[in-house]
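For reference, query_6.txt is printed below; it contains compact mmCIF, C-alpha atoms.
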# COMPACT_ATOMS: atom_id res chain seq x y z
CA MET A 1146 -2.27 63.47 -0.20
CA LYS A 1147 -1.20 64.26 3.37
CA LYS A 1148 -4.62 63.17 4.64
CA ALA A 1149 -4.31 59.86 2.80
CA VAL A 1150 -0.85 59.21 4.23
CA LYS A 1151 -2.11 60.13 7.69
CA LEU A 1152 -5.09 57.78 7.31
CA ILE A 1153 -2.83 54.92 6.22
CA GLY A 1154 -0.58 55.59 9.18
CA VAL A 1155 -3.53 55.47 11.57
CA LEU A 1156 -4.77 52.18 10.04
CA VAL A 1157 -1.30 50.64 10.33
CA LEU A 1158 -1.10 51.73 13.95
CA ILE A 1159 -4.51 50.24 14.71
CA ILE A 1160 -3.50 46.94 13.09
CA LEU A 1161 -0.26 46.88 15.09
CA VAL A 1162 -2.15 47.57 18.32
CA ILE A 1163 -4.68 44.82 17.56
CA PHE A 1164 -1.88 42.40 16.71
CA GLY A 1165 -0.01 43.37 19.87
CA ILE A 1166 -3.06 42.71 22.01
CA TYR A 1167 -3.72 39.41 20.21
CA TYR A 1168 -0.05 38.47 20.68
CA MET A 1169 -0.11 39.25 24.40
CA ILE A 1170 -3.28 37.21 24.90
CA TYR A 1171 -2.58 34.15 22.76
CA ASN A 1172 1.19 33.80 22.41
CA GLU A 1173 2.56 30.84 24.37
CA PRO A 1174 6.20 30.04 25.05
CA LEU A 1175 7.53 26.71 23.81
CA PRO A 1176 6.94 24.24 26.65
CA GLU A 1177 9.80 22.38 28.23
CA GLY A 1178 9.87 18.62 28.17
CA LYS A 1179 12.10 15.63 28.76
CA THR A 1180 13.67 13.45 26.09
CA GLY A 1181 14.37 9.79 26.66
CA LYS A 1182 12.65 6.46 27.13
CA LYS A 1183 9.29 7.77 28.39
CA ALA A 1184 8.95 10.20 25.49
CA ASP A 1185 9.74 7.45 22.98
CA GLU A 1186 7.29 5.09 24.69
CA LEU A 1187 4.52 7.68 24.43
CA ALA A 1188 5.41 8.22 20.76
CA SER A 1189 5.24 4.46 20.12
CA LYS A 1190 1.82 4.24 21.78
CA MET A 1191 0.63 7.03 19.49
CA LEU A 1192 1.90 5.16 16.41
CA THR A 1193 0.22 1.94 17.53
CA ALA A 1194 -3.08 3.77 17.99
CA LEU A 1195 -2.68 5.23 14.49
CA ASN A 1196 -2.02 1.79 12.91
CA TYR A 1197 1.47 2.77 11.74
CA GLU A 1198 1.98 -0.62 10.06
CA ALA A 1199 -0.90 0.13 7.69
CA TYR A 1200 0.62 3.54 6.90
CA GLU A 1201 3.99 1.96 6.13
CA ASN A 1202 2.30 -0.52 3.77
CA THR A 1203 0.12 2.07 2.05
CA GLU A 1204 1.05 2.41 -1.63
CA THR A 1205 -0.77 5.54 -2.78
CA LEU A 1206 -2.24 8.62 -1.07
CA GLU A 1207 -4.38 11.31 -2.73
CA TRP A 1208 -5.56 14.66 -1.35
CA SER A 1209 -5.65 18.38 -2.01
CA PHE A 1210 -4.76 21.40 0.09
CA ARG A 1211 -7.38 24.15 0.28
CA ASN A 1212 -8.53 23.04 -3.19
CA LYS A 1213 -5.44 24.70 -4.69
CA ASN A 1214 -2.64 22.16 -4.59
CA HIS A 1215 -3.42 18.58 -5.61
CA TYR A 1216 -1.41 15.45 -4.86
CA LYS A 1217 -1.06 11.81 -5.83
CA TRP A 1218 1.72 10.29 -3.75
CA PHE A 1219 3.17 6.92 -4.75
CA LYS A 1220 4.72 6.60 -1.34
CA ASN A 1221 6.76 3.42 -1.67
CA LYS A 1222 8.16 4.60 -5.01
CA HIS A 1223 9.09 8.02 -3.54
CA ILE A 1224 7.25 9.77 -6.35
CA VAL A 1225 4.52 12.38 -5.92
CA GLU A 1226 2.49 14.15 -8.57
CA VAL A 1227 2.09 17.79 -7.48
CA SER A 1228 -0.26 20.00 -9.51
CA TRP A 1229 -1.52 23.57 -9.16
CA ASN A 1230 -2.93 25.96 -11.74
CA GLU A 1231 -1.45 24.82 -15.07
CA ASN A 1232 1.68 23.39 -13.44
CA LYS A 1233 2.49 19.77 -12.69
CA VAL A 1234 5.64 18.32 -11.15
CA LEU A 1235 6.50 14.63 -10.95
CA LEU A 1236 8.56 15.03 -7.82
CA ASN A 1237 11.19 12.48 -6.85
CA THR A 1238 11.33 12.87 -3.08
CA LYS A 1239 14.59 10.90 -2.81
CA ASN A 1240 16.42 12.76 -5.57
CA THR A 1241 14.78 15.99 -6.73
CA SER A 1242 17.19 16.23 -9.68
CA LYS A 1243 15.31 13.31 -11.24
CA SER A 1244 11.98 15.19 -11.09
CA SER A 1245 10.06 16.40 -14.15
CA VAL A 1246 8.30 19.77 -14.50
CA PHE A 1247 5.38 20.47 -16.83
CA VAL A 1248 3.54 23.65 -17.71
CA ALA A 1249 0.30 23.23 -19.68
CA ASP A 1250 1.31 19.58 -20.24
CA LYS A 1251 4.65 20.60 -21.82
CA ARG A 1252 7.87 19.55 -20.15
CA VAL A 1253 10.08 22.45 -19.16
CA GLU A 1254 13.24 23.16 -17.16
CA ASN A 1255 12.14 25.43 -14.35
CA ASN A 1256 13.93 25.21 -10.98
CA ASP A 1257 11.62 27.81 -9.43
CA LEU A 1258 8.57 25.62 -10.08
CA LEU A 1259 10.48 22.56 -8.85
CA LYS A 1260 11.40 24.32 -5.59
CA LYS A 1261 7.82 25.49 -5.18
CA ALA A 1262 6.58 21.90 -5.62
CA VAL A 1263 9.04 20.72 -2.95
CA ASP A 1264 7.87 23.42 -0.52
CA TYR A 1265 4.20 22.74 -1.27
CA PHE A 1266 4.64 19.00 -0.71
CA ASN A 1267 6.64 19.42 2.51
CA ASN A 1268 3.95 21.67 3.96
CA ASP A 1269 0.79 20.05 2.61
CA SER A 1270 1.79 16.43 3.27
CA PHE A 1271 2.54 17.40 6.87
CA TRP A 1272 -1.11 18.40 7.31
CA LEU A 1273 -2.07 14.92 6.07
CA VAL A 1274 0.37 12.52 7.73
CA ALA A 1275 2.28 14.47 10.41
CA PRO A 1276 1.58 12.02 13.29
CA TYR A 1277 3.25 9.22 11.33
CA LYS A 1278 6.51 11.20 11.07
CA ILE A 1279 7.40 11.42 14.76
CA PHE A 1280 10.37 9.05 14.42
CA ASP A 1281 11.65 10.55 11.16
CA LYS A 1282 15.35 11.33 10.92
CA GLY A 1283 16.07 14.68 12.57
CA THR A 1284 13.17 14.53 15.05
CA GLU A 1285 13.44 15.03 18.79
CA ARG A 1286 10.72 13.74 21.11
CA ARG A 1287 9.92 15.16 24.51
CA ILE A 1288 7.23 14.28 27.00
CA VAL A 1289 5.39 17.33 28.34
CA ASN A 1290 2.90 17.77 31.15
CA TYR A 1291 0.19 19.81 29.46
CA LYS A 1292 -2.94 20.63 31.47
CA ASN A 1293 -2.25 17.70 33.80
CA GLN A 1294 -1.91 15.13 31.03
CA GLU A 1295 0.95 13.72 29.02
CA ALA A 1296 1.52 15.34 25.64
CA LEU A 1297 4.19 14.72 23.01
CA LEU A 1298 6.44 17.54 21.81
CA ILE A 1299 8.13 16.91 18.45
CA THR A 1300 10.90 19.18 17.20
CA TYR A 1301 12.22 18.86 13.64
CA THR A 1302 15.92 19.68 13.79
CA SER A 1303 16.45 18.92 10.09
CA GLY A 1304 14.54 18.05 6.94
CA GLY A 1305 11.50 19.66 5.37
CA SER A 1306 11.35 23.32 4.35
CA THR A 1307 11.38 24.83 7.86
CA PRO A 1308 13.68 22.90 10.21
CA GLY A 1309 13.45 23.99 13.84
CA ASP A 1310 9.65 23.87 14.03
CA SER A 1311 7.99 22.24 17.04
CA TYR A 1312 4.56 20.64 17.48
CA LEU A 1313 2.89 19.58 20.70
CA TRP A 1314 0.53 16.65 20.14
CA ILE A 1315 -2.52 16.39 22.41
CA LEU A 1316 -3.69 12.78 22.81
CA ASP A 1317 -6.91 11.17 24.00
CA LYS A 1318 -7.08 8.28 26.47
CA ASN A 1319 -6.36 5.81 23.65
CA TYR A 1320 -3.27 7.78 22.57
CA LEU A 1321 -4.89 9.02 19.37
CA PRO A 1322 -4.00 12.62 18.47
CA THR A 1323 -6.91 15.05 18.68
CA SER A 1324 -5.06 18.32 18.06
CA PHE A 1325 -1.62 19.93 18.08
CA LYS A 1326 -0.05 23.28 18.97
CA MET A 1327 2.56 24.91 16.75
CA TRP A 1328 5.77 26.87 17.22
CA THR A 1329 6.98 27.54 13.68
CA SER A 1330 9.16 30.04 11.85
CA ILE A 1331 6.34 31.14 9.53
CA LEU A 1332 3.91 31.98 12.36
CA PRO A 1333 4.69 35.01 14.56
CA ILE A 1334 2.59 33.65 17.43
CA GLY A 1335 3.58 30.54 19.37
CA GLY A 1336 1.11 27.93 20.50
CA ILE A 1337 -1.47 28.30 17.75
CA SER A 1338 -3.58 25.13 17.79
CA ALA A 1339 -5.12 23.04 15.04
CA THR A 1340 -7.52 20.13 15.24
CA TRP A 1341 -6.58 16.63 14.12
CA SER A 1342 -10.11 15.30 13.81
CA ASP A 1343 -12.75 14.92 11.08
CA LEU A 1344 -10.96 11.70 10.22
CA LYS A 1345 -11.79 9.45 7.28
CA GLU A 1346 -11.28 5.66 7.36
CA THR A 1347 -9.44 4.90 4.12
CA LYS A 1348 -9.14 1.64 2.20
CA THR A 1349 -5.63 0.85 3.45
CA GLY A 1350 -6.69 1.01 7.10
CA ILE A 1351 -5.38 4.43 8.06
CA LYS A 1352 -7.47 7.35 9.29
CA LEU A 1353 -6.66 10.64 7.60
CA PRO A 1354 -7.93 14.14 8.37
CA THR A 1355 -10.31 15.77 5.92
CA LYS A 1356 -9.97 19.26 7.42
CA HIS A 1357 -8.35 21.23 10.23
CA GLN A 1358 -9.69 24.08 12.32
CA LEU A 1359 -7.07 26.60 13.49
CA SER A 1360 -7.34 28.78 16.57
CA LEU A 1361 -5.87 31.67 14.55
CA PHE A 1362 -8.94 33.67 13.47
CA ASP A 1363 -10.84 30.34 13.27
CA LEU A 1364 -9.26 29.51 9.92
CA GLU A 1365 -10.09 26.19 8.24
CA ILE A 1366 -7.87 24.05 6.05
CA ASP A 1367 -9.75 21.71 3.69
CA MET A 1368 -7.83 18.58 2.68
CA GLY A 1369 -10.16 17.70 -0.20
CA ASN A 1370 -11.14 14.16 -1.18
CA VAL A 1371 -8.65 12.22 0.92
CA SER A 1372 -8.04 8.61 -0.12
CA SER A 1373 -5.51 5.80 0.05
CA ILE A 1374 -5.23 2.59 -1.94
CA ASN A 1375 -3.00 -0.48 -2.26
CA SER A 1376 -3.54 -1.23 -5.93
CA LYS A 1377 -0.67 -3.71 -6.21
CA ALA A 1378 -2.00 -5.70 -3.26
CA ASP A 1379 -5.54 -5.62 -4.62
CA SER A 1380 -4.31 -6.81 -8.02
CA LEU A 1381 -2.49 -9.74 -6.41
CA ALA A 1382 -5.53 -10.60 -4.27
CA ASN A 1383 -7.67 -10.75 -7.41
CA LYS A 1384 -5.14 -13.10 -9.01
CA VAL A 1385 -5.44 -15.39 -6.00
CA LEU A 1386 -9.23 -15.40 -6.25
CA LYS A 1387 -9.04 -16.23 -9.93
CA ALA A 1388 -6.59 -19.08 -9.28
CA ILE A 1389 -8.89 -20.71 -6.69
CA ASN A 1390 -12.03 -20.05 -8.78
CA HIS A 1391 -13.65 -17.69 -6.32
CA GLN A 1392 -16.60 -17.10 -8.63
CA ALA A 1393 -17.55 -20.75 -8.25
CA TYR A 1394 -17.16 -20.38 -4.48
CA LYS A 1395 -19.57 -17.44 -4.48
CA ASN A 1396 -22.08 -19.56 -6.36
CA THR A 1397 -21.59 -22.62 -4.15
CA ARG A 1398 -24.57 -23.10 -1.87
CA TYR A 1399 -23.45 -25.93 0.42
CA LEU A 1400 -20.10 -26.68 2.01
CA GLU A 1401 -19.48 -29.76 4.14
CA TRP A 1402 -16.34 -30.80 6.00
CA SER A 1403 -14.95 -32.28 9.19
CA SER A 1404 -12.19 -30.62 11.17
CA ALA A 1405 -9.62 -32.98 12.68
CA GLY A 1406 -12.32 -35.68 12.61
CA LYS A 1407 -13.90 -34.15 15.72
CA ARG A 1408 -16.15 -31.31 14.54
CA HIS A 1409 -18.50 -31.58 11.59
CA PHE A 1410 -20.14 -28.87 9.52
CA LYS A 1411 -22.81 -28.43 6.88
CA TRP A 1412 -23.04 -24.80 5.83
CA ASP A 1413 -25.90 -23.42 3.77
CA LYS A 1414 -24.07 -20.34 2.47
CA LYS A 1415 -27.11 -18.88 0.77
CA GLU A 1416 -29.20 -18.83 3.96
CA HIS A 1417 -26.10 -18.57 6.18
CA ILE A 1418 -27.22 -21.40 8.47
CA VAL A 1419 -24.71 -23.97 9.74
CA ASP A 1420 -25.19 -27.39 11.28
CA VAL A 1421 -22.33 -27.70 13.79
CA THR A 1422 -21.81 -31.10 15.42
CA TRP A 1423 -19.31 -32.35 18.00
CA ASP A 1424 -19.47 -35.13 20.57
CA THR A 1425 -23.23 -35.68 21.13
CA ILE A 1426 -24.12 -32.03 20.50
CA GLN A 1427 -25.81 -30.62 17.42
CA VAL A 1428 -26.32 -26.87 16.92
CA LYS A 1429 -28.28 -25.29 14.10
CA LEU A 1430 -26.35 -22.05 14.10
CA TYR A 1431 -27.49 -18.69 12.76
CA PRO A 1432 -24.14 -16.82 12.84
CA GLU A 1433 -25.69 -13.40 12.21
CA ASN A 1434 -28.43 -13.88 14.80
CA ILE A 1435 -27.31 -16.51 17.29
CA LYS A 1436 -30.46 -16.07 19.40
CA LYS A 1437 -32.33 -17.98 16.68
CA SER A 1438 -29.97 -20.95 17.04
CA THR A 1439 -31.21 -24.27 18.43
CA VAL A 1440 -29.42 -27.02 20.36
CA SER A 1441 -29.87 -30.79 20.34
CA TYR A 1442 -28.29 -33.53 22.43
CA ASN A 1443 -28.25 -37.01 20.88
CA ASN A 1444 -30.67 -35.74 18.23
CA GLU A 1445 -33.13 -34.58 20.92
CA SER A 1446 -34.03 -30.90 20.65
CA GLN A 1447 -33.77 -28.75 23.74
CA LYS A 1448 -36.72 -26.51 24.55
CA THR A 1449 -34.55 -23.83 26.14
CA GLN A 1450 -31.50 -22.67 24.26
CA ASP A 1451 -28.21 -23.28 26.04
CA SER A 1452 -26.51 -19.97 25.24
CA LEU A 1453 -23.06 -21.19 26.29
CA VAL A 1454 -23.24 -24.10 23.86
CA VAL A 1455 -24.42 -21.79 21.07
CA LYS A 1456 -21.59 -19.39 21.76
CA LYS A 1457 -19.12 -22.29 21.64
CA ALA A 1458 -20.59 -23.41 18.29
CA TRP A 1459 -20.20 -19.85 17.00
CA HIS A 1460 -16.53 -19.76 17.98
CA ILE A 1461 -15.91 -23.23 16.55
CA PHE A 1462 -17.49 -22.25 13.23
CA ASN A 1463 -15.54 -18.97 13.02
CA ASN A 1464 -12.28 -20.81 13.61
CA ASP A 1465 -12.83 -23.95 11.54
CA SER A 1466 -14.49 -22.25 8.57
CA PHE A 1467 -11.51 -19.90 8.35
CA TRP A 1468 -9.24 -22.94 7.91
CA MET A 1469 -11.60 -24.04 5.17
CA VAL A 1470 -12.25 -20.87 3.17
CA ALA A 1471 -9.82 -18.12 4.30
CA PRO A 1472 -8.34 -17.53 0.80
CA HIS A 1473 -11.85 -16.72 -0.43
CA LYS A 1474 -12.20 -13.96 2.22
CA LEU A 1475 -9.53 -11.56 0.93
CA PHE A 1476 -12.06 -8.83 0.16
CA ASP A 1477 -14.38 -9.34 3.13
CA LYS A 1478 -15.56 -6.21 4.89
CA GLY A 1479 -12.94 -4.99 7.34
CA THR A 1480 -9.93 -6.48 5.51
CA ILE A 1481 -6.77 -4.54 4.75
CA ARG A 1482 -4.52 -5.91 1.99
CA SER A 1483 -0.83 -5.08 1.60
CA TYR A 1484 1.72 -6.29 -0.95
CA LYS A 1485 5.11 -7.60 0.13
CA ARG A 1486 8.00 -9.14 -1.75
CA ILE A 1487 9.76 -11.74 0.43
CA ASN A 1488 12.52 -14.11 -0.71
CA ASP A 1489 11.76 -13.28 -4.36
CA LYS A 1490 8.13 -14.29 -3.90
CA ASN A 1491 4.94 -12.27 -4.09
CA THR A 1492 3.18 -12.30 -0.74
CA LEU A 1493 -0.05 -10.79 0.46
CA LEU A 1494 -0.55 -9.47 3.98
CA VAL A 1495 -4.21 -9.52 5.03
CA LYS A 1496 -5.38 -7.99 8.29
CA TYR A 1497 -8.91 -8.35 9.64
CA THR A 1498 -10.06 -5.26 11.52
CA GLN A 1499 -13.53 -6.58 12.27
CA GLY A 1500 -15.65 -9.74 12.19
CA GLY A 1501 -14.92 -13.25 13.43
CA SER A 1502 -13.96 -14.09 16.99
CA THR A 1503 -10.60 -12.32 17.09
CA PRO A 1504 -10.53 -9.10 15.04
CA GLY A 1505 -7.02 -7.68 14.68
CA ASP A 1506 -5.49 -10.92 13.36
CA SER A 1507 -3.21 -10.78 10.32
CA TYR A 1508 -2.03 -13.40 7.84
CA LEU A 1509 0.90 -13.23 5.44
CA TRP A 1510 0.01 -15.39 2.46
CA ILE A 1511 2.83 -17.08 0.52
CA LEU A 1512 1.80 -18.06 -3.01
CA ASP A 1513 3.05 -20.56 -5.55
CA LYS A 1514 3.87 -19.68 -9.16
CA ASN A 1515 0.16 -19.99 -10.07
CA ASN A 1516 -0.90 -17.63 -7.24
CA ILE A 1517 -2.46 -20.46 -5.25
CA PRO A 1518 -1.72 -20.09 -1.52
CA GLU A 1519 0.81 -22.64 -0.29
CA SER A 1520 1.19 -21.36 3.28
CA TYR A 1521 0.70 -18.38 5.54
CA LYS A 1522 2.22 -16.85 8.67
CA MET A 1523 -0.36 -16.14 11.38
CA THR A 1524 -0.19 -13.24 13.80
CA VAL A 1525 -2.95 -13.50 16.40
CA PRO A 1526 -2.40 -11.00 19.24
CA SER A 1527 -5.15 -12.45 21.44
CA MET A 1528 -3.33 -15.80 21.46
CA LYS A 1529 0.17 -14.26 21.56
CA MET A 1530 0.94 -15.81 18.19
CA LYS A 1531 3.40 -14.02 15.92
CA GLU A 1532 4.14 -15.25 12.39
CA VAL A 1533 3.34 -18.89 13.13
CA SER A 1534 3.53 -20.82 9.86
CA ALA A 1535 0.96 -23.24 8.49
CA THR A 1536 0.69 -24.83 5.06
CA TRP A 1537 -2.31 -24.70 2.73
CA GLN A 1538 -1.96 -27.89 0.75
CA ASP A 1539 -3.74 -30.79 -0.96
CA TRP A 1540 -6.16 -28.56 -2.82
CA ILE A 1541 -9.22 -30.18 -4.39
CA THR A 1542 -11.74 -28.98 -6.92
CA THR A 1543 -15.23 -29.46 -5.51
CA LYS A 1544 -18.31 -30.51 -7.41
CA SER A 1545 -19.33 -26.85 -7.59
CA GLY A 1546 -15.99 -25.98 -9.23
CA THR A 1547 -14.20 -24.04 -6.51
CA LEU A 1548 -10.81 -24.92 -4.98
CA LEU A 1549 -10.44 -25.76 -1.28
CA SER A 1550 -7.42 -26.82 0.76
CA THR A 1551 -7.85 -30.06 2.69
CA ASN A 1552 -4.69 -30.22 4.82
CA HIS A 1553 -2.59 -27.89 6.95
CA LYS A 1554 0.78 -28.57 8.56
CA PHE A 1555 2.26 -26.46 11.37
CA ASP A 1556 5.88 -25.70 12.23
CA ASN A 1557 5.79 -28.22 15.07
CA GLY A 1558 4.81 -31.00 12.66
CA ARG A 1559 1.17 -31.18 13.74
CA PHE A 1560 -1.44 -31.71 11.01
CA LEU A 1561 -4.92 -30.25 10.78
CA LYS A 1562 -6.91 -32.43 8.42
CA MET A 1563 -10.08 -31.14 6.75
CA GLU A 1564 -11.90 -34.37 5.95
CA ASN A 1565 -14.91 -35.19 3.79
CA VAL A 1566 -14.72 -31.79 2.07
CA LYS A 1567 -17.61 -31.13 -0.30
CA GLY A 1568 -18.90 -28.12 -2.19
CA TYR A 1569 -22.11 -28.39 -4.20
CA ASN A 1570 -25.37 -26.69 -5.18
Please, can you express the file's structure as structure tokens?
Amino acid sequence: MKKAVKLIGVLVLIILVIFGIYYMIYNEPLPEGKTGKKADELASKMLTALNYEAYENTETLEWSFRNKNHYKWFKNKHIVEVSWNENKVLLNTKNTSKSSVFVADKRVENNDLLKKAVDYFNNDSFWLVAPYKIFDKGTERRIVNYKNQEALLITYTSGGSTPGDSYLWILDKNYLPTSFKMWTSILPIGGISATWSDLKETKTGIKLPTKHQLSLFDLEIDMGNVSSINSKADSLANKVLKAINHQAYKNTRYLEWSSAGKRHFKWDKKEHIVDVTWDTIQVKLYPENIKKSTVSYNNESQKTQDSLVVKKAWHIFNNDSFWMVAPHKLFDKGTIRSYKRINDKNTLLVKYTQGGSTPGDSYLWILDKNNIPESYKMTVPSMKMKEVSATWQDWITTKSGTLLSTNHKFDNGRFLKMENVKGYN
């Protein structure tokens, strides 16, 4: 018995010595930083890089934490489904007293399980969305010079399960977080780092981490099958497509129109070839391979392609076709859809992250009672346009059965007329 006790004592001593050495080597003091305008500016740049607007508009997030705790977070409703083992809690994050606790699918009153669900969610959601919380109530922001570059130190003075914790965010040249260092009450060593990489592009336009690698004994945290979705926005977008007979649009082979009576188009949608005409210039445009395009002047073909003219035709088509068919592009690749309720009306915010001539543009669609677009507000950063209004009016049903708008009116009273509009097969 004495030998066993002695052996245990020796093992404990060895562990303490190892921990002491590890502590001396890796423990870092909390860095000092400055609060104020520069710190907040750096924080804002980080949020812009992260597409904070898309996060704010995201309806639902799903993930798991180390394959033990599982979550479905209805963010805008402030409800999260937390499940582990045979337990499930429908947690009301605004008012926990309104939460419901279940064990083996039977509702119970169990405050211990409710508190555990709160603690799990506070911890595990932080590992999913922490960078988006840097302006939360009770946060302090400091700018820190870390290894000769600016880093952002966030201290949580209130909220969560462990107020007082601090995190130093390391940013790349585009202000995206790549890792962070921690000073928390549950970790005895300060400055332990964790990666913020292995990101997944989700449907709502935000990038979320799928795992984290910690410097502490090279531990890994798996975030499971991370996903986000805006189901309400997608449902409204589908209603719009039904109202304008999008199926007929998909089946339409040819579209013809004139824009402002100056530029004329005949678009073979099936082959994706467009005849673009303005002044005395005719371009047979191949939008997906513009090197194949040909140019004519006064109906006389040019032997050598004028690349500047082709590029102009490409830009003209991207712009003018959008004014023709934008409502039919709600589910194009690279679109992010968000639902908004404005002035008692359903509206749909659509942002284009890729494609066209000016990716990054967004359009807030205002719909009539039949879900047909009646106007939108345009935000085009490249042209310094913010929420400029334009109508979508005078809809016609084409020969092929789809609906197209033929007139647009701007805030300044200017009209953009889409003349000679045709859709046929």
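Our summary of the geometry notes that atom CA of Thr1203 of chain A is positioned 16.4 Å from atom CA of Thr1238 of chain A.
Closest approach to Glu1186 of chain A among A:Ala1471, A:Leu1297, A:Tyr1521, A:Glu1416 is made by A:Leu1297 (distances from all atoms listed in the file).
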Distance atom CA of Gln1447 of chain A-atom CA of Thr1422 of chain A, one decimal place? 14.8 Å
Wanna dump the segment 1318-1426 of chain A-segment 1490-1508 of chain A contacts at 8 Å for me, each residue with its shortest atom pair and the distance in Å to one decimal, counting only C-alpha atoms, ordered by chain and number, as a Markdown table?
| residue | atom | partner | partner_atom | distance |
| --- | --- | --- | --- | --- |
| A:Ala1378 | CA | A:Leu1493 | CA | 6.6 |
| A:Leu1381 | CA | A:Leu1493 | CA | 7.4 |
| A:Ala1382 | CA | A:Leu1493 | CA | 7.2 |
Generate a file of the selected residues that holds C-alpha atoms, formatted as an mmCIF file, keeping the file's coordinate frame.
data_model
loop_
_atom_site.group_PDB
_atom_site.id
_atom_site.type_symbol
_atom_site.label_atom_id
_atom_site.label_comp_id
_atom_site.auth_asym_id
_atom_site.auth_seq_id
_atom_site.Cartn_x
_atom_site.Cartn_y
_atom_site.Cartn_z
ATOM 1 C CA ALA A 1378 -2.000 -5.700 -3.260
ATOM 2 C CA LEU A 1381 -2.490 -9.740 -6.410
ATOM 3 C CA ALA A 1382 -5.530 -10.600 -4.270
#
By how many Å are atom CA of Asn1390 of chain A and atom CA of Tyr1569 of chain A apart? 13.9 Å
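Across A:Thr1300, A:Thr1425, A:Gln1294, A:Asn1464, the tightest approach to Asn1443 of chain A is made by A:Thr1425 when counting only C-alpha atoms.
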Using only C-alpha atoms, which residues sit within 10 Å of Val1470 of chain A once same-chain residues fewer than 6 positions away are excluded, as a list in words? Tyr1394, Leu1400, Leu1548, Leu1549 and Ser1550 of chain A
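The protein and nucleic acid residues lying at most 12 Å from Ser1209 of chain A are A:Leu1206, A:Asn1212, A:Lys1213, A:Asn1214, A:His1215, A:Tyr1216, A:Lys1217, A:Trp1218, A:Glu1226, A:Val1227, A:Ser1228, A:Trp1229, A:Tyr1265, A:Phe1266, A:Asn1268, A:Asp1269, A:Ser1270, A:Trp1272, A:Leu1273, A:Pro1354, A:Thr1355, A:Lys1356, A:Ile1366, A:Asp1367, A:Met1368, A:Gly1369, A:Asn1370, A:Val1371, A:Ser1372, with only C-alpha atoms considered and sequence neighbours fewer than 3 positions away removed.
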Skipping near chain neighbours, those fewer than 4 positions away, what residues fall within 7 Å of Tyr1442 of chain A using only C-alpha atoms, listed as a PDB file with C-alpha atoms, in the coordinates of the input?
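Output file part.pdb is given in full below:
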ATOM      1  CA  THR A1425     -23.230 -35.680  21.130  1.00  0.00           C
ATOM      2  CA  ILE A1426     -24.120 -32.030  20.500  1.00  0.00           C
ATOM      3  CA  GLN A1427     -25.810 -30.620  17.420  1.00  0.00           C
ATOM      4  CA  SER A1446     -34.030 -30.900  20.650  1.00  0.00           C
TER       5      SER A1446
END
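Counting all atoms listed in the file, Asn1232 of chain A has the following residues at most 10 Å away, ignoring those fewer than 4 positions along the same chain: Asn1214, Val1227, Ser1228, Val1246, Phe1247, Val1248, Ala1249, Asp1250, Lys1251, Arg1252, Leu1258, Leu1259 and Ala1262 of chain A.
Compared by their closest atoms to Asn1172 of chain A, and using only C-alpha atoms, the residues A:Pro1276, A:Gly1568, A:Pro1308, A:Gly1336 rank with A:Gly1336 nearest.
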Using only C-alpha atoms for the distances, tell me which of A:Ala1188, A:Ile1541, A:Val1419, A:Ile1487 is nearest to Val1455 of chain A. A:Val1419
When you look at Asp1310 of chain A with a cut-off of 10 Å (counting all atoms listed in the file), what residues show up, excluding the ones that are within fewer than 4 positions of it in the same chain? I need them as a PDB file with C-alpha atoms, keeping the file's coordinate frame.
ATOM      1  CA  ILE A1299       8.130  16.910  18.450  1.00  0.00           C
ATOM      2  CA  THR A1300      10.900  19.180  17.200  1.00  0.00           C
ATOM      3  CA  TYR A1301      12.220  18.860  13.640  1.00  0.00           C
ATOM      4  CA  THR A1302      15.920  19.680  13.790  1.00  0.00           C
ATOM      5  CA  SER A1303      16.450  18.920  10.090  1.00  0.00           C
ATOM      6  CA  GLY A1305      11.500  19.660   5.370  1.00  0.00           C
ATOM      7  CA  SER A1306      11.350  23.320   4.350  1.00  0.00           C
ATOM      8  CA  MET A1327       2.560  24.910  16.750  1.00  0.00           C
ATOM      9  CA  TRP A1328       5.770  26.870  17.220  1.00  0.00           C
ATOM     10  CA  THR A1329       6.980  27.540  13.680  1.00  0.00           C
ATOM     11  CA  SER A1330       9.160  30.040  11.850  1.00  0.00           C
ATOM     12  CA  ILE A1331       6.340  31.140   9.530  1.00  0.00           C
TER      13      ILE A1331
END
Please write out, as lines of an AutoDock Vina configuration file, where the centre of an axis-aligned box around all listed atoms of segment 1520-1539 of chain A lies and how long its edges are, in Å to one decimal, after adding 8 Å on each side.
center_x = -0.5
center_y = -20.9
center_z = 10.3
size_x = 25.3
size_y = 35.8
size_z = 38.5
Rows by chain and residue number, segment 1369-1482 of chain A within 8 Å of segment 1558-1566 of chain A, shortest pair, all atoms listed in the file, as a tab-separated table:
residue	atom	partner	partner_atom	distance
A:Leu1400	CA	A:Val1566	CA	7.4
A:Glu1401	CA	A:Val1566	CA	5.6
A:Trp1402	CA	A:Val1566	CA	4.4
A:Ser1403	CA	A:Glu1564	CA	4.9
A:Ser1404	CA	A:Met1563	CA	4.9
A:Ala1405	CA	A:Lys1562	CA	5.1
A:Gly1406	CA	A:Glu1564	CA	6.8
A:Met1469	CA	A:Met1563	CA	7.4
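For the residues A:Lys1429, A:His1357, A:Lys1485, A:Lys1179, ranking by smallest atom-to-atom distance to Asp1413 of chain A using all atoms listed in the file places A:Lys1429 first.
Among the candidates A:Lys1414, A:Arg1398, A:Lys1233, A:Lys1239, the one nearest to Ser1545 of chain A when counting only C-alpha atoms is A:Arg1398.
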